[in-house]
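First up is the structure itself, then whatever we jot down about it.
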Amino acid sequence: MKRVFATLLIAFGCLLNFSTMQAQELQCDVRVSSNKVQGSDKTIYQNLQTSLYEFINNTKFTEINFRQSEKIECSMLIDVISREGNYFTAEINLALRRPVYKSSYNTPMFNYIDRKFFFEYTDGQTLDFNPNTYISNITSTIGFYVYLFLGLDFDSFSPNGGEPFFAIAETIAHTAPQDPGSENGWSSTGRQNRYAIISDINNPTYQPLRQFLYDYHRYGLDMMSEKPDMAREAILNAIVQLQSVYERNSMCYFLQLLIESKRDEIIQIFSQGDMKIRTEVSNIMKTIDPSQTSRYEDMLKNTGRL
């Protein structure tokens, strides 16, 4: 639960010591797949995987010391689609998980496929990174998601605890190339890209999404083992925050990503418990996630009171 208190430390010195040190923040499973690329030489992909793994898991991204058991669990699968010389087109399958208090369960915080990952890489290249300076698309993109993960994780442990990390992610997005109409994932005119994600998160209009992250996890999931009825009611109240944003802008991209990441879990949680609360959740979710209406209706068919 160190994240509850660490925000106080962040405010006095979060920028940043990019050295290989102990007590690093992430425990990230990193894979590079080249199954879709023709050619028999797989060495460059193996080397890229090793370099990315070391960059993500050995770089110290904050001044906070994490014990091994406190490290943030995540995964990044880079699926290379095509290659022309040193230029690669790929997708990143991203997943962030968070442990639930007094449970062996890890809740999905963020599941997303970034389909606009284009980068240049030379075998053996050093992966240099500075959040304030655009050096390469590979490290800016990966660094962006590292800080996004940090922000989401810290927000779930303390109200707005991820603020400094989201600020850094936004800096990375602003320093990346902003070619008009570009499909490189950084365009400020894009509706479904990295820029859109961090703009939504830092937009005061959508602040209830940040509150959702805290209320859903701390008052909901973390209480589930001890007070399941109260936990479900807290999760209902958190879901109301999603509804408030939906009513302001149903196209908010980060809202859509939160719903997609939490949908299966919400259905599982409210397949049991008090029917009145379950019905309220079903009605809200059918409104904000209309393509899955049948699943929320089926959620109520289980009459168990566990």
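Ordering of the structure tokens sets the chain letters (A, B, ...), residue numbers begin anew at 1 in every chain, and ligands are numbered from 1 in the order given.
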
If you run DSSP over the backbone, which residues in segment 91-215 of chain A end up strand (DSSP E or B)? Put them as a list of chain:residue names. A:Glu91, A:Ile92, A:Asn93, A:Leu94, A:Ala95, A:Leu96, A:Arg97, A:Arg98, A:Pro99, A:Asn106, A:Thr107, A:Pro108, A:Met109, A:Phe110, A:Asn111, A:Tyr112, A:Ile113, A:Asp114, A:Arg115, A:Lys116, A:Phe117, A:Phe118, A:Phe119, A:Glu120, A:Asn130, A:Thr133

Selected residues written out with N, CA, C and O atoms, as a compact mmCIF listing (two decimals), in the first residue's frame:
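The resulting out.txt:
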# COMPACT_ATOMS: atom_id res chain seq x y z
N GLU A 91 2.27 -3.54 -33.69
CA GLU A 91 1.21 -3.26 -32.74
C GLU A 91 1.73 -3.62 -31.35
O GLU A 91 2.56 -4.52 -31.20
N ILE A 92 1.24 -2.92 -30.34
CA ILE A 92 1.60 -3.24 -28.95
C ILE A 92 0.33 -3.67 -28.21
O ILE A 92 -0.63 -2.91 -28.14
N ASN A 93 0.38 -4.86 -27.69
CA ASN A 93 -0.71 -5.35 -26.84
C ASN A 93 -0.31 -5.08 -25.39
O ASN A 93 0.63 -5.70 -24.87
N LEU A 94 -1.03 -4.18 -24.72
CA LEU A 94 -0.65 -3.69 -23.40
C LEU A 94 -1.62 -4.18 -22.34
O LEU A 94 -2.85 -4.19 -22.56
N ALA A 95 -1.09 -4.57 -21.20
CA ALA A 95 -1.95 -5.00 -20.09
C ALA A 95 -1.32 -4.57 -18.77
O ALA A 95 -0.12 -4.77 -18.54
N LEU A 96 -2.13 -3.96 -17.93
CA LEU A 96 -1.71 -3.53 -16.59
C LEU A 96 -2.61 -4.21 -15.57
O LEU A 96 -3.83 -4.25 -15.73
N ARG A 97 -2.00 -4.74 -14.51
CA ARG A 97 -2.77 -5.43 -13.47
C ARG A 97 -2.46 -4.80 -12.12
O ARG A 97 -1.40 -4.23 -11.90
N ARG A 98 -3.40 -4.97 -11.19
CA ARG A 98 -3.25 -4.43 -9.84
C ARG A 98 -3.69 -5.48 -8.83
O ARG A 98 -4.76 -6.08 -8.98
N PRO A 99 -2.91 -5.73 -7.79
CA PRO A 99 -3.35 -6.69 -6.78
C PRO A 99 -4.51 -6.14 -5.97
O PRO A 99 -4.60 -4.94 -5.70
N ASN A 106 -5.69 -10.47 -9.20
CA ASN A 106 -5.17 -9.26 -9.82
C ASN A 106 -6.21 -8.71 -10.78
O ASN A 106 -6.66 -9.41 -11.69
N THR A 107 -6.60 -7.47 -10.56
CA THR A 107 -7.64 -6.87 -11.39
C THR A 107 -7.03 -6.20 -12.62
O THR A 107 -5.97 -5.57 -12.53
N PRO A 108 -7.67 -6.33 -13.79
CA PRO A 108 -7.17 -5.64 -14.98
C PRO A 108 -7.42 -4.15 -14.88
O PRO A 108 -8.54 -3.70 -14.67
N MET A 109 -6.36 -3.38 -15.01
CA MET A 109 -6.47 -1.92 -14.96
C MET A 109 -6.55 -1.30 -16.34
O MET A 109 -7.21 -0.27 -16.54
N PHE A 110 -5.85 -1.91 -17.29
CA PHE A 110 -5.76 -1.32 -18.62
C PHE A 110 -5.40 -2.41 -19.60
O PHE A 110 -4.36 -3.05 -19.48
N ASN A 111 -6.27 -2.65 -20.55
CA ASN A 111 -6.01 -3.59 -21.64
C ASN A 111 -6.23 -2.84 -22.95
O ASN A 111 -7.32 -2.30 -23.18
N TYR A 112 -5.22 -2.84 -23.80
CA TYR A 112 -5.30 -1.96 -24.98
C TYR A 112 -4.34 -2.47 -26.04
O TYR A 112 -3.24 -2.95 -25.74
N ILE A 113 -4.76 -2.36 -27.28
CA ILE A 113 -3.87 -2.65 -28.41
C ILE A 113 -3.62 -1.35 -29.17
O ILE A 113 -4.54 -0.75 -29.72
N ASP A 114 -2.38 -0.91 -29.16
CA ASP A 114 -1.95 0.26 -29.91
C ASP A 114 -1.54 -0.22 -31.29
O ASP A 114 -0.52 -0.91 -31.45
N ARG A 115 -2.31 0.14 -32.29
CA ARG A 115 -2.09 -0.35 -33.66
C ARG A 115 -1.27 0.62 -34.51
O ARG A 115 -1.19 0.46 -35.72
N LYS A 116 -0.68 1.62 -33.87
CA LYS A 116 0.03 2.66 -34.61
C LYS A 116 1.45 2.84 -34.09
O LYS A 116 1.89 3.94 -33.79
N PHE A 117 2.16 1.73 -34.00
CA PHE A 117 3.52 1.76 -33.46
C PHE A 117 4.50 1.58 -34.61
O PHE A 117 4.67 0.49 -35.13
N PHE A 118 5.11 2.68 -35.01
CA PHE A 118 6.10 2.69 -36.09
C PHE A 118 7.42 3.16 -35.51
O PHE A 118 7.46 4.17 -34.81
N PHE A 119 8.49 2.44 -35.80
CA PHE A 119 9.76 2.84 -35.20
C PHE A 119 10.93 2.39 -36.06
O PHE A 119 10.82 1.49 -36.91
N GLU A 120 12.05 3.04 -35.81
CA GLU A 120 13.32 2.69 -36.45
C GLU A 120 14.21 2.05 -35.39
O GLU A 120 14.33 2.55 -34.27
N ASN A 130 14.54 10.35 -22.79
CA ASN A 130 14.37 11.54 -21.95
C ASN A 130 12.94 12.02 -22.15
O ASN A 130 12.55 12.30 -23.28
N THR A 133 12.53 15.30 -24.15
CA THR A 133 13.13 15.43 -25.47
C THR A 133 12.80 14.20 -26.30
O THR A 133 12.96 13.07 -25.83

Can I get the residues of segment 137-235 of chain A within 9 Å of segment 245-261 of chain A, each with the closest pair of atoms and their distance in Å to one decimal, using only C-alpha atoms, sorted chain first then ascending number, as JSON lines?
{"residue": "A:Arg191", "atom": "CA", "partner": "A:Tyr253", "partner_atom": "CA", "distance": 7.2}
{"residue": "A:Gln192", "atom": "CA", "partner": "A:Tyr253", "partner_atom": "CA", "distance": 6.4}
{"residue": "A:Asn193", "atom": "CA", "partner": "A:Tyr253", "partner_atom": "CA", "distance": 8.6}
{"residue": "A:Ala196", "atom": "CA", "partner": "A:Tyr253", "partner_atom": "CA", "distance": 6.8}
{"residue": "A:Ile197", "atom": "CA", "partner": "A:Phe254", "partner_atom": "CA", "distance": 5.4}
{"residue": "A:Ile198", "atom": "CA", "partner": "A:Phe254", "partner_atom": "CA", "distance": 8.1}
{"residue": "A:Ser199", "atom": "CA", "partner": "A:Phe254", "partner_atom": "CA", "distance": 8.9}
{"residue": "A:Asp200", "atom": "CA", "partner": "A:Phe254", "partner_atom": "CA", "distance": 6.0}
{"residue": "A:Ile201", "atom": "CA", "partner": "A:Phe254", "partner_atom": "CA", "distance": 6.9}
{"residue": "A:Thr205", "atom": "CA", "partner": "A:Val245", "partner_atom": "CA", "distance": 8.0}
{"residue": "A:Tyr206", "atom": "CA", "partner": "A:Val245", "partner_atom": "CA", "distance": 6.1}
{"residue": "A:Gln207", "atom": "CA", "partner": "A:Val245", "partner_atom": "CA", "distance": 8.5}
{"residue": "A:Pro208", "atom": "CA", "partner": "A:Val245", "partner_atom": "CA", "distance": 6.9}
{"residue": "A:Leu209", "atom": "CA", "partner": "A:Leu255", "partner_atom": "CA", "distance": 7.1}

Export of the given selection (N, CA and C atoms) as a PDB file, in the first residue's frame:
ATOM      1  N   ARG A 191      -8.492  10.856 -32.742  1.00  0.00           N
ATOM      2  CA  ARG A 191      -9.536  10.589 -31.752  1.00  0.00           C
ATOM      3  C   ARG A 191      -9.255   9.318 -30.949  1.00  0.00           C
ATOM      4  N   GLN A 192      -8.414   8.429 -31.475  1.00  0.00           N
ATOM      5  CA  GLN A 192      -8.161   7.160 -30.812  1.00  0.00           C
ATOM      6  C   GLN A 192      -6.668   6.845 -30.887  1.00  0.00           C
ATOM      7  N   ASN A 193      -5.907   7.569 -30.121  1.00  0.00           N
ATOM      8  CA  ASN A 193      -4.460   7.346 -30.118  1.00  0.00           C
ATOM      9  C   ASN A 193      -3.890   7.738 -28.745  1.00  0.00           C
ATOM     10  N   ALA A 196      -4.851  11.211 -27.540  1.00  0.00           N
ATOM     11  CA  ALA A 196      -6.235  11.288 -27.083  1.00  0.00           C
ATOM     12  C   ALA A 196      -6.383  10.700 -25.682  1.00  0.00           C
ATOM     13  N   ILE A 197      -5.684   9.603 -25.409  1.00  0.00           N
ATOM     14  CA  ILE A 197      -5.772   8.969 -24.092  1.00  0.00           C
ATOM     15  C   ILE A 197      -5.328   9.935 -23.006  1.00  0.00           C
ATOM     16  N   ILE A 198      -4.141  10.501 -23.163  1.00  0.00           N
ATOM     17  CA  ILE A 198      -3.607  11.331 -22.090  1.00  0.00           C
ATOM     18  C   ILE A 198      -4.337  12.673 -22.018  1.00  0.00           C
ATOM     19  N   SER A 199      -4.840  13.165 -23.142  1.00  0.00           N
ATOM     20  CA  SER A 199      -5.630  14.402 -23.114  1.00  0.00           C
ATOM     21  C   SER A 199      -6.912  14.196 -22.322  1.00  0.00           C
ATOM     22  N   ASP A 200      -7.558  13.049 -22.511  1.00  0.00           N
ATOM     23  CA  ASP A 200      -8.776  12.754 -21.753  1.00  0.00           C
ATOM     24  C   ASP A 200      -8.476  12.636 -20.264  1.00  0.00           C
ATOM     25  N   ILE A 201      -7.405  11.946 -19.929  1.00  0.00           N
ATOM     26  CA  ILE A 201      -7.065  11.739 -18.517  1.00  0.00           C
ATOM     27  C   ILE A 201      -6.811  13.066 -17.815  1.00  0.00           C
ATOM     28  N   THR A 205     -12.685  18.174 -17.297  1.00  0.00           N
ATOM     29  CA  THR A 205     -14.069  17.798 -17.564  1.00  0.00           C
ATOM     30  C   THR A 205     -14.315  16.326 -17.273  1.00  0.00           C
ATOM     31  N   TYR A 206     -13.267  15.523 -17.458  1.00  0.00           N
ATOM     32  CA  TYR A 206     -13.409  14.076 -17.273  1.00  0.00           C
ATOM     33  C   TYR A 206     -12.807  13.605 -15.951  1.00  0.00           C
ATOM     34  N   GLN A 207     -12.680  14.525 -14.995  1.00  0.00           N
ATOM     35  CA  GLN A 207     -12.095  14.174 -13.710  1.00  0.00           C
ATOM     36  C   GLN A 207     -12.802  13.008 -13.014  1.00  0.00           C
ATOM     37  N   PRO A 208     -14.122  12.813 -13.195  1.00  0.00           N
ATOM     38  CA  PRO A 208     -14.764  11.648 -12.573  1.00  0.00           C
ATOM     39  C   PRO A 208     -14.135  10.311 -12.965  1.00  0.00           C
ATOM     40  N   LEU A 209     -13.474  10.252 -14.096  1.00  0.00           N
ATOM     41  CA  LEU A 209     -12.802   9.007 -14.478  1.00  0.00           C
ATOM     42  C   LEU A 209     -11.631   8.725 -13.545  1.00  0.00           C
TER      43      LEU A 209
END

Any chance you could tabulate, as a tab-separated table, the residues of segment 52-73 of chain A at most 12 Å from segment 141-156 of chain A with each one's nearest atom pair and distance in Å to one decimal, using only C-alpha atoms, in chain and rising number order?
residue	atom	partner	partner_atom	distance
A:Leu52	CA	A:Ile142	CA	8.6
A:Tyr53	CA	A:Ile142	CA	10.7
A:Phe55	CA	A:Ile142	CA	9.2
A:Ile56	CA	A:Val146	CA	7.7
A:Asn57	CA	A:Val146	CA	10.1
A:Thr59	CA	A:Gly143	CA	10.1
A:Lys60	CA	A:Val146	CA	10.9
A:Phe61	CA	A:Tyr147	CA	8.1
A:Thr62	CA	A:Leu150	CA	9.4
A:Ile64	CA	A:Leu150	CA	11.3
A:Glu70	CA	A:Asp153	CA	11.2
A:Lys71	CA	A:Leu150	CA	10.4
A:Ile72	CA	A:Asp153	CA	7.6
A:Glu73	CA	A:Phe149	CA	9.4

Grab the residues selected above and save them as a PDB file, in the first residue's frame with C-alpha atoms.
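Full text of part_25.pdb as output:
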ATOM      1  CA  LEU A  52      13.182  -3.491 -24.394  1.00  0.00           C
ATOM      2  CA  TYR A  53      12.964  -5.800 -21.393  1.00  0.00           C
ATOM      3  CA  PHE A  55      14.941  -0.720 -20.676  1.00  0.00           C
ATOM      4  CA  ILE A  56      11.515  -1.169 -19.072  1.00  0.00           C
ATOM      5  CA  ASN A  57      12.532  -3.297 -16.095  1.00  0.00           C
ATOM      6  CA  THR A  59      15.324   1.968 -15.830  1.00  0.00           C
ATOM      7  CA  LYS A  60      14.446   3.929 -12.686  1.00  0.00           C
ATOM      8  CA  PHE A  61      11.495   6.063 -13.776  1.00  0.00           C
ATOM      9  CA  THR A  62      10.772   7.716 -10.406  1.00  0.00           C
ATOM     10  CA  ILE A  64      10.293   6.067  -5.237  1.00  0.00           C
ATOM     11  CA  GLU A  70       5.344  -3.910  -4.596  1.00  0.00           C
ATOM     12  CA  LYS A  71       6.378  -3.768  -8.218  1.00  0.00           C
ATOM     13  CA  ILE A  72       3.680  -2.932 -10.750  1.00  0.00           C
ATOM     14  CA  GLU A  73       2.790  -5.940 -12.866  1.00  0.00           C
TER      15      GLU A  73
END

A straight line from atom CA of Pro131 of chain A to atom CA of Ile172 of chain A spans 5.3 Å

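Among the candidates A:Ser140, A:Ser82, A:Asn65, A:Ser271, the residue lying nearest to Lys36 of chain A is A:Ser82 (atoms considered: only C-alpha atoms).
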
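Atom CA of Tyr45 of chain A is positioned 10.7 Å from atom CA of Phe88 of chain A.
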
At a cut-off of 12 Å, using only C-alpha atoms, what residues contact Asp215 of chain A? Leave out same-chain residues fewer than 6 positions from it and give the result as a compact mmCIF listing (two decimals) with C-alpha atoms, in the first residue's frame.
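What ended up in part.txt:
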# COMPACT_ATOMS: atom_id res chain seq x y z
CA ASP A 155 -4.58 6.80 -8.97
CA SER A 156 -6.09 3.52 -7.79
CA PHE A 157 -4.36 3.80 -4.39
CA SER A 158 -4.83 7.49 -3.60
CA PRO A 159 -7.08 10.23 -5.04
CA ASN A 160 -5.28 11.75 -8.04
CA PRO A 208 -14.76 11.65 -12.57
CA LEU A 209 -12.80 9.01 -14.48
CA LEU A 221 -12.40 -4.34 -4.81
CA ASP A 222 -10.13 -3.87 -1.81
CA MET A 223 -13.15 -4.27 0.50
CA ALA A 231 -18.01 -3.16 -1.80
CA ARG A 232 -20.62 -3.72 -4.51
CA GLU A 233 -22.43 -0.57 -3.46
CA ALA A 234 -19.15 1.37 -3.67
CA ILE A 235 -18.51 -0.03 -7.13
CA LEU A 236 -22.03 1.00 -8.16
CA ASN A 237 -21.27 4.55 -6.98
CA ALA A 238 -18.01 4.46 -8.94
CA ILE A 239 -19.83 3.32 -12.07
CA VAL A 240 -22.15 6.32 -11.68
CA GLN A 241 -19.02 8.44 -12.26
CA LEU A 242 -18.56 6.72 -15.62

note - atom CA of Val100 of chain A and atom CA of Thr279 of chain A are separated by 24.8 Å

Step one, run DSSP on the backbone; step two, keep only residues of segment 63-171 of chain A assigned to helix (DSSP H, G or I); then write them as a PyMOL selection string. chain A and resi 68-70+137-155+163-171

Shortest contact to Met299 of chain A, candidates A:Ile269, A:Thr139, A:Asp274, A:Ser34, atoms counted only C-alpha atoms, goes to A:Ile269

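Of the residues listed (A:Met275, A:Ile81, A:Ile44, A:Met230), A:Ile44 shows the shortest atom-to-atom separation from Tyr121 of chain A; distances use only C-alpha atoms.
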